[in-house]
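Everything below belongs to upload03.cif, which stores mmCIF, C-alpha atoms and all ligand atoms.
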```cif
data_protein
#
loop_
_atom_site.group_PDB
_atom_site.id
_atom_site.type_symbol
_atom_site.label_atom_id
_atom_site.label_comp_id
_atom_site.auth_asym_id
_atom_site.auth_seq_id
_atom_site.Cartn_x
_atom_site.Cartn_y
_atom_site.Cartn_z
ATOM 1 C CA MET A 1 73.738 -26.587 10.898
ATOM 2 C CA ARG A 2 70.545 -28.217 12.189
ATOM 3 C CA LEU A 3 67.612 -25.816 12.543
ATOM 4 C CA VAL A 4 64.808 -26.649 14.955
ATOM 5 C CA GLU A 5 61.415 -24.951 14.706
ATOM 6 C CA GLU A 6 58.872 -24.824 17.538
ATOM 7 C CA LYS A 7 55.396 -23.304 17.373
ATOM 8 C CA SER A 8 54.544 -20.967 20.215
ATOM 9 C CA ARG A 9 50.762 -20.872 20.398
ATOM 10 C CA ALA A 10 48.597 -18.120 21.819
ATOM 11 C CA LYS A 11 46.341 -19.208 24.683
ATOM 12 C CA ILE A 12 43.084 -17.942 26.067
ATOM 13 C CA ASN A 13 41.698 -18.444 29.560
ATOM 14 C CA LEU A 14 38.209 -19.930 29.436
ATOM 15 C CA ILE A 15 38.205 -19.650 33.237
ATOM 16 C CA LEU A 16 40.520 -17.597 35.427
ATOM 17 C CA ASP A 17 39.961 -17.597 39.165
ATOM 18 C CA VAL A 18 42.165 -16.459 42.026
ATOM 19 C CA LEU A 19 41.623 -18.662 45.062
ATOM 20 C CA GLY A 20 43.761 -16.608 47.436
ATOM 21 C CA LYS A 21 47.210 -15.296 48.193
ATOM 22 C CA ARG A 22 49.837 -17.714 49.418
ATOM 23 C CA ASP A 23 52.398 -17.231 52.186
ATOM 24 C CA ASP A 24 55.137 -16.934 49.529
ATOM 25 C CA GLY A 25 53.350 -13.896 48.011
ATOM 26 C CA TYR A 26 52.129 -15.693 44.858
ATOM 27 C CA HIS A 27 48.463 -16.006 43.994
ATOM 28 C CA GLU A 28 46.775 -19.391 44.087
ATOM 29 C CA LEU A 29 45.198 -19.717 40.639
ATOM 30 C CA GLU A 30 42.619 -21.914 38.944
ATOM 31 C CA MET A 31 42.614 -21.558 35.161
ATOM 32 C CA VAL A 32 41.128 -23.403 32.213
ATOM 33 C CA MET A 33 43.450 -22.776 29.294
ATOM 34 C CA GLN A 34 42.978 -23.330 25.574
ATOM 35 C CA SER A 35 45.502 -23.131 22.710
ATOM 36 C CA LEU A 36 44.744 -21.226 19.525
ATOM 37 C CA GLY A 37 45.894 -21.485 15.947
ATOM 38 C CA LEU A 38 47.461 -18.008 16.195
ATOM 39 C CA SER A 39 51.143 -18.642 16.879
ATOM 40 C CA ASP A 40 54.684 -17.304 16.820
ATOM 41 C CA SER A 41 57.420 -19.403 15.240
ATOM 42 C CA VAL A 42 60.629 -19.944 17.166
ATOM 43 C CA PHE A 43 63.725 -21.152 15.264
ATOM 44 C CA LEU A 44 66.817 -22.403 17.090
ATOM 45 C CA GLU A 45 70.274 -23.366 15.908
ATOM 46 C CA LYS A 46 73.658 -23.943 17.492
ATOM 47 C CA ILE A 47 76.400 -21.387 16.821
ATOM 48 C CA GLU A 48 80.107 -21.550 17.622
ATOM 49 C CA GLN A 49 80.194 -18.212 19.409
ATOM 50 C CA GLU A 50 79.336 -18.619 23.121
ATOM 51 C CA GLY A 51 76.145 -17.045 24.433
ATOM 52 C CA ILE A 52 72.729 -16.282 23.000
ATOM 53 C CA LEU A 53 71.924 -14.409 19.806
ATOM 54 C CA LEU A 54 68.284 -13.337 19.761
ATOM 55 C CA GLU A 55 66.551 -11.978 16.679
ATOM 56 C CA THR A 56 62.964 -10.833 16.763
ATOM 57 C CA GLN A 57 60.835 -8.050 15.363
ATOM 58 C CA GLY A 58 58.439 -5.450 16.757
ATOM 59 C CA PRO A 59 59.200 -2.382 18.866
ATOM 60 C CA ALA A 60 57.510 -3.740 22.026
ATOM 61 C CA VAL A 61 59.470 -6.997 22.086
ATOM 62 C CA PRO A 62 62.626 -6.866 24.211
ATOM 63 C CA GLN A 63 65.757 -7.835 22.256
ATOM 64 C CA GLY A 64 68.088 -8.830 25.091
ATOM 65 C CA PRO A 65 68.049 -10.611 28.429
ATOM 66 C CA GLU A 66 64.631 -9.117 29.317
ATOM 67 C CA ASN A 67 63.115 -11.323 26.641
ATOM 68 C CA LEU A 68 61.620 -14.398 28.298
ATOM 69 C CA ALA A 69 62.907 -16.577 25.432
ATOM 70 C CA TYR A 70 66.453 -15.344 26.117
ATOM 71 C CA ARG A 71 66.044 -16.140 29.816
ATOM 72 C CA ALA A 72 64.758 -19.604 28.988
ATOM 73 C CA ALA A 73 67.890 -20.269 26.885
ATOM 74 C CA GLN A 74 70.161 -18.959 29.655
ATOM 75 C CA LEU A 75 68.462 -21.278 32.112
ATOM 76 C CA MET A 76 68.916 -24.314 29.851
ATOM 77 C CA GLN A 77 72.585 -23.485 29.110
ATOM 78 C CA LYS A 78 73.296 -23.230 32.829
ATOM 79 C CA ALA A 79 71.241 -26.219 33.979
ATOM 80 C CA TYR A 80 72.652 -28.639 31.345
ATOM 81 C CA GLY A 81 76.093 -27.099 30.657
ATOM 82 C CA LEU A 82 75.294 -26.699 26.939
ATOM 83 C CA SER A 83 78.424 -26.082 24.854
ATOM 84 C CA GLY A 84 78.775 -23.264 22.319
ATOM 85 C CA GLY A 85 76.015 -20.755 21.776
ATOM 86 C CA VAL A 86 72.547 -20.645 20.300
ATOM 87 C CA ARG A 87 70.813 -18.404 17.798
ATOM 88 C CA ILE A 88 67.088 -17.879 18.435
ATOM 89 C CA ARG A 89 64.880 -16.228 15.832
ATOM 90 C CA ILE A 90 61.296 -15.423 16.814
ATOM 91 C CA GLN A 91 58.739 -14.614 14.145
ATOM 92 C CA LYS A 92 56.116 -12.719 16.180
ATOM 93 C CA GLU A 93 52.434 -12.888 15.228
ATOM 94 C CA ILE A 94 50.898 -12.847 18.732
ATOM 95 C CA PRO A 95 50.346 -9.311 20.031
ATOM 96 C CA VAL A 96 52.551 -8.297 22.972
ATOM 97 C CA ALA A 97 51.334 -7.680 26.566
ATOM 98 C CA ALA A 98 47.938 -8.934 25.452
ATOM 99 C CA GLY A 99 47.011 -11.709 27.918
ATOM 100 C CA LEU A 100 47.669 -14.320 25.222
ATOM 101 C CA ALA A 101 50.905 -15.796 26.645
ATOM 102 C CA GLY A 102 53.107 -14.416 23.878
ATOM 103 C CA GLY A 103 56.242 -14.250 26.027
ATOM 104 C CA SER A 104 55.433 -17.367 28.050
ATOM 105 C CA GLY A 105 54.828 -19.387 24.886
ATOM 106 C CA ASN A 106 58.142 -18.228 23.398
ATOM 107 C CA ALA A 107 59.949 -19.293 26.580
ATOM 108 C CA ALA A 108 58.278 -22.730 26.539
ATOM 109 C CA ALA A 109 59.211 -23.118 22.857
ATOM 110 C CA VAL A 110 62.866 -22.422 23.690
ATOM 111 C CA LEU A 111 62.848 -25.038 26.471
ATOM 112 C CA LEU A 112 61.352 -27.644 24.123
ATOM 113 C CA GLY A 113 63.487 -26.584 21.153
ATOM 114 C CA LEU A 114 66.794 -26.748 23.034
ATOM 115 C CA ARG A 115 65.869 -30.131 24.461
ATOM 116 C CA ARG A 116 65.424 -31.302 20.870
ATOM 117 C CA LEU A 117 68.459 -29.489 19.441
ATOM 118 C CA TYR A 118 70.835 -30.984 22.049
ATOM 119 C CA ASP A 119 69.019 -34.360 22.240
ATOM 120 C CA LEU A 120 68.658 -33.906 25.990
ATOM 121 C CA CYS A 121 66.818 -36.454 28.034
ATOM 122 C CA ILE A 122 64.979 -34.275 30.558
ATOM 123 C CA PRO A 123 62.137 -35.716 32.632
ATOM 124 C CA GLU A 124 58.829 -33.820 32.214
ATOM 125 C CA LYS A 125 58.755 -32.826 35.884
ATOM 126 C CA GLU A 126 62.211 -31.249 35.629
ATOM 127 C CA LEU A 127 61.199 -29.243 32.566
ATOM 128 C CA LEU A 128 57.996 -28.116 34.324
ATOM 129 C CA ASP A 129 60.042 -26.914 37.314
ATOM 130 C CA LEU A 130 62.342 -24.924 35.020
ATOM 131 C CA ALA A 131 59.300 -23.500 33.214
ATOM 132 C CA LEU A 132 57.729 -22.325 36.451
ATOM 133 C CA THR A 133 60.820 -20.281 37.343
ATOM 134 C CA LEU A 134 60.145 -18.276 34.139
ATOM 135 C CA GLY A 135 56.463 -17.524 34.779
ATOM 136 C CA SER A 136 53.149 -19.051 35.779
ATOM 137 C CA ASP A 137 51.859 -19.561 32.205
ATOM 138 C CA VAL A 138 55.067 -21.242 30.982
ATOM 139 C CA PRO A 139 54.336 -24.773 32.354
ATOM 140 C CA TYR A 140 50.989 -24.846 30.527
ATOM 141 C CA CYS A 141 52.623 -23.569 27.325
ATOM 142 C CA LEU A 142 54.859 -26.671 27.326
ATOM 143 C CA MET A 143 51.815 -28.868 26.765
ATOM 144 C CA GLY A 144 49.110 -26.642 25.243
ATOM 145 C CA LYS A 145 45.673 -28.205 24.492
ATOM 146 C CA THR A 146 42.707 -27.836 26.852
ATOM 147 C CA ALA A 147 43.999 -27.968 30.416
ATOM 148 C CA LEU A 148 43.317 -27.011 33.999
ATOM 149 C CA ALA A 149 46.197 -25.166 35.645
ATOM 150 C CA LYS A 150 46.258 -24.751 39.414
ATOM 151 C CA GLY A 151 48.669 -23.607 42.116
ATOM 152 C CA ARG A 152 50.957 -20.964 40.608
ATOM 153 C CA GLY A 153 50.228 -22.559 37.241
ATOM 154 C CA GLU A 154 52.369 -25.685 37.628
ATOM 155 C CA GLU A 155 49.680 -28.201 38.642
ATOM 156 C CA LEU A 156 48.360 -29.250 35.259
ATOM 157 C CA GLU A 157 45.505 -31.583 34.419
ATOM 158 C CA VAL A 158 44.412 -32.521 30.929
ATOM 159 C CA LEU A 159 40.726 -31.732 30.331
ATOM 160 C CA PRO A 160 38.438 -33.087 27.612
ATOM 161 C CA ASP A 161 39.250 -31.355 24.318
ATOM 162 C CA CYS A 162 37.394 -28.089 23.843
ATOM 163 C CA PRO A 163 34.959 -28.455 20.918
ATOM 164 C CA HIS A 164 36.347 -26.917 17.747
ATOM 165 C CA LEU A 165 35.310 -23.246 17.743
ATOM 166 C CA TYR A 166 36.207 -20.142 15.775
ATOM 167 C CA VAL A 167 37.692 -17.392 17.912
ATOM 168 C CA VAL A 168 37.815 -13.632 17.426
ATOM 169 C CA LEU A 169 40.525 -11.734 19.325
ATOM 170 C CA VAL A 170 40.208 -7.998 19.839
ATOM 171 C CA LYS A 171 43.245 -6.331 21.374
ATOM 172 C CA PRO A 172 43.097 -2.599 22.115
ATOM 173 C CA LEU A 173 46.238 -0.744 21.072
ATOM 174 C CA PHE A 174 47.575 -0.499 24.642
ATOM 175 C CA GLY A 175 49.196 -3.326 26.624
ATOM 176 C CA VAL A 176 48.534 -4.272 30.227
ATOM 177 C CA SER A 177 51.023 -5.137 32.969
ATOM 178 C CA THR A 178 50.039 -8.387 34.689
ATOM 179 C CA ALA A 179 51.774 -7.292 37.916
ATOM 180 C CA GLU A 180 49.779 -4.040 37.977
ATOM 181 C CA VAL A 181 46.481 -5.886 37.487
ATOM 182 C CA PHE A 182 47.244 -8.255 40.367
ATOM 183 C CA ARG A 183 48.144 -5.266 42.586
ATOM 184 C CA ALA A 184 44.754 -3.657 41.837
ATOM 185 C CA TYR A 185 43.051 -7.016 42.409
ATOM 186 C CA ASP A 186 44.731 -7.289 45.826
ATOM 187 C CA GLN A 187 43.450 -3.810 46.670
ATOM 188 C CA GLY A 188 39.919 -5.047 46.153
ATOM 189 C CA THR A 189 38.741 -4.352 42.570
ATOM 190 C CA ARG A 190 37.339 -7.775 41.696
ATOM 191 C CA GLY A 191 34.818 -9.313 39.377
ATOM 192 C CA PRO A 192 32.405 -12.174 40.115
ATOM 193 C CA LYS A 193 33.748 -15.713 40.636
ATOM 194 C CA PRO A 194 33.467 -18.013 37.621
ATOM 195 C CA SER A 195 32.068 -21.544 37.872
ATOM 196 C CA LEU A 196 34.808 -24.059 37.077
ATOM 197 C CA ARG A 197 32.258 -26.850 37.413
ATOM 198 C CA ASP A 198 30.019 -25.440 34.659
ATOM 199 C CA ALA A 199 32.974 -25.022 32.313
ATOM 200 C CA ILE A 200 34.226 -28.573 32.892
ATOM 201 C CA LEU A 201 30.715 -30.001 32.407
ATOM 202 C CA ALA A 202 30.442 -28.095 29.113
ATOM 203 C CA LEU A 203 33.799 -29.540 28.014
ATOM 204 C CA TRP A 204 32.691 -33.058 28.946
ATOM 205 C CA ASP A 205 29.507 -32.547 26.912
ATOM 206 C CA GLY A 206 31.426 -30.979 24.004
ATOM 207 C CA ASP A 207 28.820 -28.207 24.188
ATOM 208 C CA GLY A 208 30.127 -24.911 22.727
ATOM 209 C CA GLN A 209 27.039 -22.962 23.741
ATOM 210 C CA ALA A 210 27.237 -24.068 27.396
ATOM 211 C CA LEU A 211 30.977 -23.391 27.352
ATOM 212 C CA GLY A 212 30.326 -19.849 26.114
ATOM 213 C CA ALA A 213 27.820 -19.313 28.927
ATOM 214 C CA SER A 214 30.289 -20.550 31.551
ATOM 215 C CA LEU A 215 33.254 -18.298 30.627
ATOM 216 C CA GLY A 216 34.551 -16.254 33.567
ATOM 217 C CA ASN A 217 37.615 -14.268 34.603
ATOM 218 C CA VAL A 218 37.887 -12.782 38.074
ATOM 219 C CA LEU A 219 40.472 -10.246 36.806
ATOM 220 C CA GLU A 220 38.206 -8.869 34.091
ATOM 221 C CA GLU A 221 36.572 -6.224 36.275
ATOM 222 C CA THR A 222 39.995 -5.244 37.669
ATOM 223 C CA THR A 223 41.414 -4.473 34.214
ATOM 224 C CA CYS A 224 38.121 -2.941 32.993
ATOM 225 C CA ALA A 225 38.261 -0.457 35.893
ATOM 226 C CA MET A 226 41.613 0.740 34.472
ATOM 227 C CA HIS A 227 40.553 0.571 30.795
ATOM 228 C CA PRO A 228 36.746 0.820 30.376
ATOM 229 C CA VAL A 229 36.972 0.235 26.605
ATOM 230 C CA ILE A 230 37.482 -3.464 27.387
ATOM 231 C CA ARG A 231 33.951 -3.531 28.832
ATOM 232 C CA GLN A 232 32.573 -2.001 25.626
ATOM 233 C CA ILE A 233 34.396 -4.503 23.415
ATOM 234 C CA LYS A 234 33.141 -7.405 25.493
ATOM 235 C CA ALA A 235 29.540 -6.141 25.514
ATOM 236 C CA TYR A 236 29.636 -5.718 21.745
ATOM 237 C CA LEU A 237 31.105 -9.154 21.031
ATOM 238 C CA ALA A 238 28.848 -10.929 23.538
ATOM 239 C CA GLN A 239 25.584 -9.227 22.591
ATOM 240 C CA LYS A 240 25.756 -8.172 18.943
ATOM 241 C CA THR A 241 27.683 -10.814 17.054
ATOM 242 C CA GLY A 242 25.949 -14.131 17.723
ATOM 243 C CA ALA A 243 28.857 -15.361 19.856
ATOM 244 C CA TYR A 244 28.502 -18.254 22.295
ATOM 245 C CA GLY A 245 30.256 -15.981 24.792
ATOM 246 C CA ALA A 246 33.001 -13.386 25.211
ATOM 247 C CA LEU A 247 35.644 -12.803 27.873
ATOM 248 C CA MET A 248 38.857 -10.934 28.585
ATOM 249 C CA SER A 249 41.842 -13.304 28.442
ATOM 250 C CA GLY A 250 44.387 -13.439 31.301
ATOM 251 C CA SER A 251 45.071 -10.020 32.777
ATOM 252 C CA GLY A 252 43.962 -8.483 29.487
ATOM 253 C CA PRO A 253 43.453 -6.391 27.552
ATOM 254 C CA THR A 254 42.511 -8.831 24.739
ATOM 255 C CA VAL A 255 38.847 -9.849 24.597
ATOM 256 C CA PHE A 256 37.940 -13.085 22.790
ATOM 257 C CA SER A 257 34.605 -14.412 21.569
ATOM 258 C CA LEU A 258 33.616 -17.930 20.461
ATOM 259 C CA TYR A 259 31.613 -18.991 17.382
ATOM 260 C CA GLU A 260 30.280 -22.140 15.781
ATOM 261 C CA THR A 261 30.828 -20.942 12.217
ATOM 262 C CA LYS A 262 33.697 -19.254 10.451
ATOM 263 C CA GLU A 263 31.271 -16.907 8.666
ATOM 264 C CA SER A 264 29.853 -15.449 11.886
ATOM 265 C CA ALA A 265 33.349 -15.151 13.396
ATOM 266 C CA PHE A 266 34.660 -13.382 10.304
ATOM 267 C CA ALA A 267 31.725 -10.941 10.275
ATOM 268 C CA ALA A 268 32.240 -10.218 13.990
ATOM 269 C CA ALA A 269 35.973 -9.637 13.527
ATOM 270 C CA LYS A 270 35.375 -7.256 10.619
ATOM 271 C CA GLN A 271 32.781 -5.252 12.561
ATOM 272 C CA ALA A 272 34.920 -5.128 15.706
ATOM 273 C CA LYS A 273 37.872 -3.849 13.695
ATOM 274 C CA ARG A 274 35.713 -1.088 12.258
ATOM 275 C CA LEU A 275 34.220 -0.070 15.625
ATOM 276 C CA PHE A 276 37.192 -0.216 17.969
ATOM 277 C CA GLN A 277 40.751 1.063 17.689
ATOM 278 C CA ALA A 278 42.102 -2.453 18.059
ATOM 279 C CA GLN A 279 44.161 -5.249 16.539
ATOM 280 C CA THR A 280 41.722 -7.946 15.461
ATOM 281 C CA PHE A 281 42.388 -11.596 14.634
ATOM 282 C CA LEU A 282 40.341 -14.508 13.380
ATOM 283 C CA THR A 283 41.597 -17.822 14.701
ATOM 284 C CA GLU A 284 40.381 -21.189 16.009
ATOM 285 C CA THR A 285 40.817 -23.552 18.938
ATOM 286 C CA VAL A 286 43.432 -26.265 18.340
ATOM 287 C CA GLN A 287 44.496 -29.441 20.072
ATOM 288 C CA GLN A 288 47.972 -30.975 20.177
ATOM 289 C CA GLY A 289 49.492 -31.639 16.789
ATOM 290 C CA GLU A 290 46.837 -29.602 14.956
ATOM 291 C CA GLU A 291 47.979 -26.704 12.822
ATOM 292 C CA GLY A 292 45.112 -24.202 12.920
ATOM 293 C CA TYR A 293 45.283 -20.656 11.637
ATOM 294 C CA GLY A 294 45.383 -17.167 13.097
ATOM 295 C CA LEU A 295 44.906 -14.281 10.713
ATOM 296 C CA PRO A 296 45.093 -10.566 11.413
ATOM 297 C CA LEU A 297 42.260 -8.569 9.836
HETATM 298 P P1 LIG B 1 52.203 -13.948 29.633
HETATM 299 O O1 LIG B 1 53.164 -14.335 28.529
HETATM 300 O O2 LIG B 1 52.888 -13.877 30.955
HETATM 301 O O3 LIG B 1 50.942 -14.762 29.676
HETATM 302 P P2 LIG B 1 51.047 -11.656 28.238
HETATM 303 O O4 LIG B 1 50.533 -12.539 27.186
HETATM 304 O O5 LIG B 1 50.069 -10.762 28.903
HETATM 305 O O6 LIG B 1 51.793 -12.443 29.374
HETATM 306 P P3 LIG B 1 53.452 -10.948 26.859
HETATM 307 O O7 LIG B 1 53.167 -10.809 25.409
HETATM 308 O O8 LIG B 1 54.199 -12.125 27.309
HETATM 309 O O9 LIG B 1 52.128 -10.727 27.683
HETATM 310 O O10 LIG B 1 54.207 -9.612 27.269
HETATM 311 C C1 LIG B 1 54.397 -9.214 28.617
HETATM 312 C C2 LIG B 1 55.704 -8.424 28.698
HETATM 313 O O11 LIG B 1 56.764 -9.332 28.529
HETATM 314 C C3 LIG B 1 55.818 -7.400 27.607
HETATM 315 O O12 LIG B 1 55.742 -6.123 28.162
HETATM 316 C C4 LIG B 1 57.170 -7.639 26.945
HETATM 317 O O13 LIG B 1 57.991 -6.503 27.034
HETATM 318 C C5 LIG B 1 57.807 -8.754 27.752
HETATM 319 N N1 LIG B 1 58.362 -9.874 26.959
HETATM 320 C C6 LIG B 1 59.426 -10.604 27.306
HETATM 321 N N2 LIG B 1 59.698 -11.543 26.404
HETATM 322 C C7 LIG B 1 58.767 -11.459 25.435
HETATM 323 C C8 LIG B 1 58.526 -12.189 24.232
HETATM 324 N N3 LIG B 1 59.320 -13.196 23.846
HETATM 325 N N4 LIG B 1 57.472 -11.843 23.487
HETATM 326 C C9 LIG B 1 56.666 -10.834 23.891
HETATM 327 N N5 LIG B 1 56.871 -10.093 25.010
HETATM 328 C C10 LIG B 1 57.901 -10.393 25.788
#
```
Target format structure tokens, applied to this file:
Amino acid sequence: MRLVEEKSRAKINLILDVLGKRDDGYHELEMVMQSLGLSDSVFLEKIEQEGILLETQGPAVPQGPENLAYRAAQLMQKAYGLSGGVRIRIQKEIPVAAGLAGGSGNAAAVLLGLRRLYDLCIPEKELLDLALTLGSDVPYCLMGKTALAKGRGEELEVLPDCPHLYVVLVKPLFGVSTAEVFRAYDQGTRGPKPSLRDAILALWDGDGQALGASLGNVLEETTCAMHPVIRQIKAYLAQKTGAYGALMSGSGPTVFSLYETKESAFAAAKQAKRLFQAQTFLTETVQQGEEGYGLPL
């Protein structure tokens, strides 16, 4: 049987802004996204038995239809009348409920993997529409790289490649519910607005230092109000480790920091692991087709 493997990369938000709430209840977003070397592996193969067989590890990862990867497969089977069943095995490395698009990336990998496995000819726009029904980060996860995502997350623009940087990820041992963070945001707990213009200029200039100075996430203060340790982690990474900048990713709770050299990133990751009760990773920014690494400390 043919086995297809897709990488499901973690992402960070270099910028996350909420422009408003739409009539349909969704938030209008503006996000600069970046893929990392840290990734899950998603393996797919056809099986004779109808349905979906999902295998994954980790107590926090749903095993059945609540798994976004399972839902992505269901969607593809229905939309394209796929015959037989499919076995999906997910090797998880990305922490769960972390703001790193673990679930969204897995779902995007299933969409791409099934397209390959069944040799389907699906126009990009159609795949993007399917992706959006699964979640607002899923369309971006189909393409990865450095990109601007607007609307609910489906309006994607390629940006100049982020300069190659080393990235430290510090994830406290609790997870965060994205829906809960948006509810608190709607009730008025909000951080300062980031400058998209500054971030894009820094990308155009390939200037890591300016990029670090332009990082901003309007949800950061919202999640910090619920979990003040995030503020401490960010202050430490931003002020004590020689980082270009530090920020909470997505709705949190993971905080990332950016470095020019692997040595300074490694030292920061080691110190952060010692100081905070947190999962810590050393990884790097990657562009399409690049492998990159993501190592737990
Ligand atoms: P997003 O993927 O929407 O950017 P996130 O990175 O904050 O969100 P996830 O790791 O996707 O968080 O987890 C959010 C919730 O989704 C978790 O509580 C988990 O139970 C559920 N979930 C569903 N499918 C998956 C999956 N394949 N991997 C991890 N979590 C999943």
* Asked: Which residues fall under the PyMOL selection byres (((chain A and resi 200) around 10) and not hetatm) in this file, as a list in words?
  -> Ile15, Val32, Leu148, Leu159, Pro160, Cys162, Ser195, Leu196, Arg197, Asp198, Ala199, Leu201, Ala202, Leu203, Trp204, Asp205, Gly206, Ala210, Leu211 and Ser214 of chain A
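Atom C3 of ligand LIG 1 (chain B) sits 18.1 Å away from atom CA of Leu219 of chain A.
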* Pick out the closest residue to ligand LIG 1 (chain B) from this set: A:Gln277, A:Ser104, A:Ser264, A:Thr241. Count all atoms listed in the file. =>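 Checking each candidate against ligand LIG 1 (chain B), we get A:Ser104 as the closest.
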* Asked: Closest to Asp161 of chain A among A:Gly245, A:Gly175, A:Gly208, A:Pro123, using all atoms listed in the file?
  -> A:Gly208
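Minimum atom-to-atom distance to Leu114 of chain A, evaluated using only C-alpha atoms, belongs to A:Phe43 out of A:Phe43, A:Val61, A:Pro139, A:Val168.
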If the PyMOL selection byres (((chain A and resi 36) around 8) and not hetatm) were run on this exact file, what residues would it hold? Put them as a CSV table (one decimal) with C-alpha atoms, in the frame of the given file.
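Written out: out.csv:
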```csv
chain,number,residue,atom,x,y,z
A,9,ARG,CA,50.8,-20.9,20.4
A,10,ALA,CA,48.6,-18.1,21.8
A,11,LYS,CA,46.3,-19.2,24.7
A,12,ILE,CA,43.1,-17.9,26.1
A,34,GLN,CA,43.0,-23.3,25.6
A,35,SER,CA,45.5,-23.1,22.7
A,37,GLY,CA,45.9,-21.5,15.9
A,38,LEU,CA,47.5,-18.0,16.2
A,39,SER,CA,51.1,-18.6,16.9
A,283,THR,CA,41.6,-17.8,14.7
A,284,GLU,CA,40.4,-21.2,16.0
A,285,THR,CA,40.8,-23.6,18.9
A,286,VAL,CA,43.4,-26.3,18.3
A,292,GLY,CA,45.1,-24.2,12.9
A,293,TYR,CA,45.3,-20.7,11.6
A,294,GLY,CA,45.4,-17.2,13.1
```
* Please write the residues picked by the PyMOL selection byres (((not hetatm)) within 9 of (chain B and resi 1)) on this file as an MDAnalysis selection string. => chainID A and resid 10:11 56 60:71 90 92 94:107 135:138 175:178 249:254
* Which residues come within 8 Å of segment 223-237 of chain A, counting only C-alpha atoms, excluding same-chain residues fewer than 2 positions away, as an MDAnalysis selection string? -> chainID A and resid 170 172 181 189 219:221 239:243 245:248 251:257 268 272 276
* Residues within 8 Å of Pro194 of chain A, all atoms listed in the file, excluding chain neighbours under 2 positions, as number ranges by chain -> A: 15-17, 192, 196, 214-218
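For the set A:Val86, A:Met31, A:Val110, A:Ile47, the residue with the smallest atom-to-atom gap to Thr146 of chain A is A:Met31, counting only C-alpha atoms.
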* Need the neighbours of (77.1, -21.1, 27.4): which residues are at most 8 Å away, counting only C-alpha atoms, as a PyMOL selection string? -> chain A and resi 50-52+74+77-78+81-85
* **Coordinates-based distance that separates atom CA of Asp24 of chain A from atom CA of Arg152 of chain A (Å, one decimal)** => 10.6 Å
* Asked: A:Lys145, A:Lys21, A:Arg2, A:Lys46: which is nearest His164 of chain A, counting only C-alpha atoms?
  ->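 The closest residue to His164 of chain A is A:Lys145.
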* To do: Considering only C-alpha atoms, return as a ChimeraX atom specification whatever protein or nucleic-acid residues lie within 12 Å of Ala79 of chain A, sequence-local ones (same chain, fewer than 5 positions apart) excluded.
  => /A:72-74,111,114-115,120,122,126-127,129-130
* Among the residues A:Leu156, A:Met1, A:Leu53, A:Leu173, the one that comes closest to Met143 of chain A [using only C-alpha atoms] ->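 Between A:Leu156, A:Met1, A:Leu53, A:Leu173, the residue approaching Met143 of chain A most closely is A:Leu156.
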* Work out how far apart atom CA of Tyr185 of chain A and atom CA of Thr222 of chain A are and give it in Å to one decimal. => 5.9 Å
Provide an axis-aligned box for all listed atoms of segment 210-217 of chain A, padding each side by 4 Å; report its centre and its edge lengths in Å to one decimal, as AutoDock Vina command-line options.
```
--center_x 32.4 --center_y -19.2 --center_z 30.4 --size_x 18.4 --size_y 17.8 --size_z 16.5
```
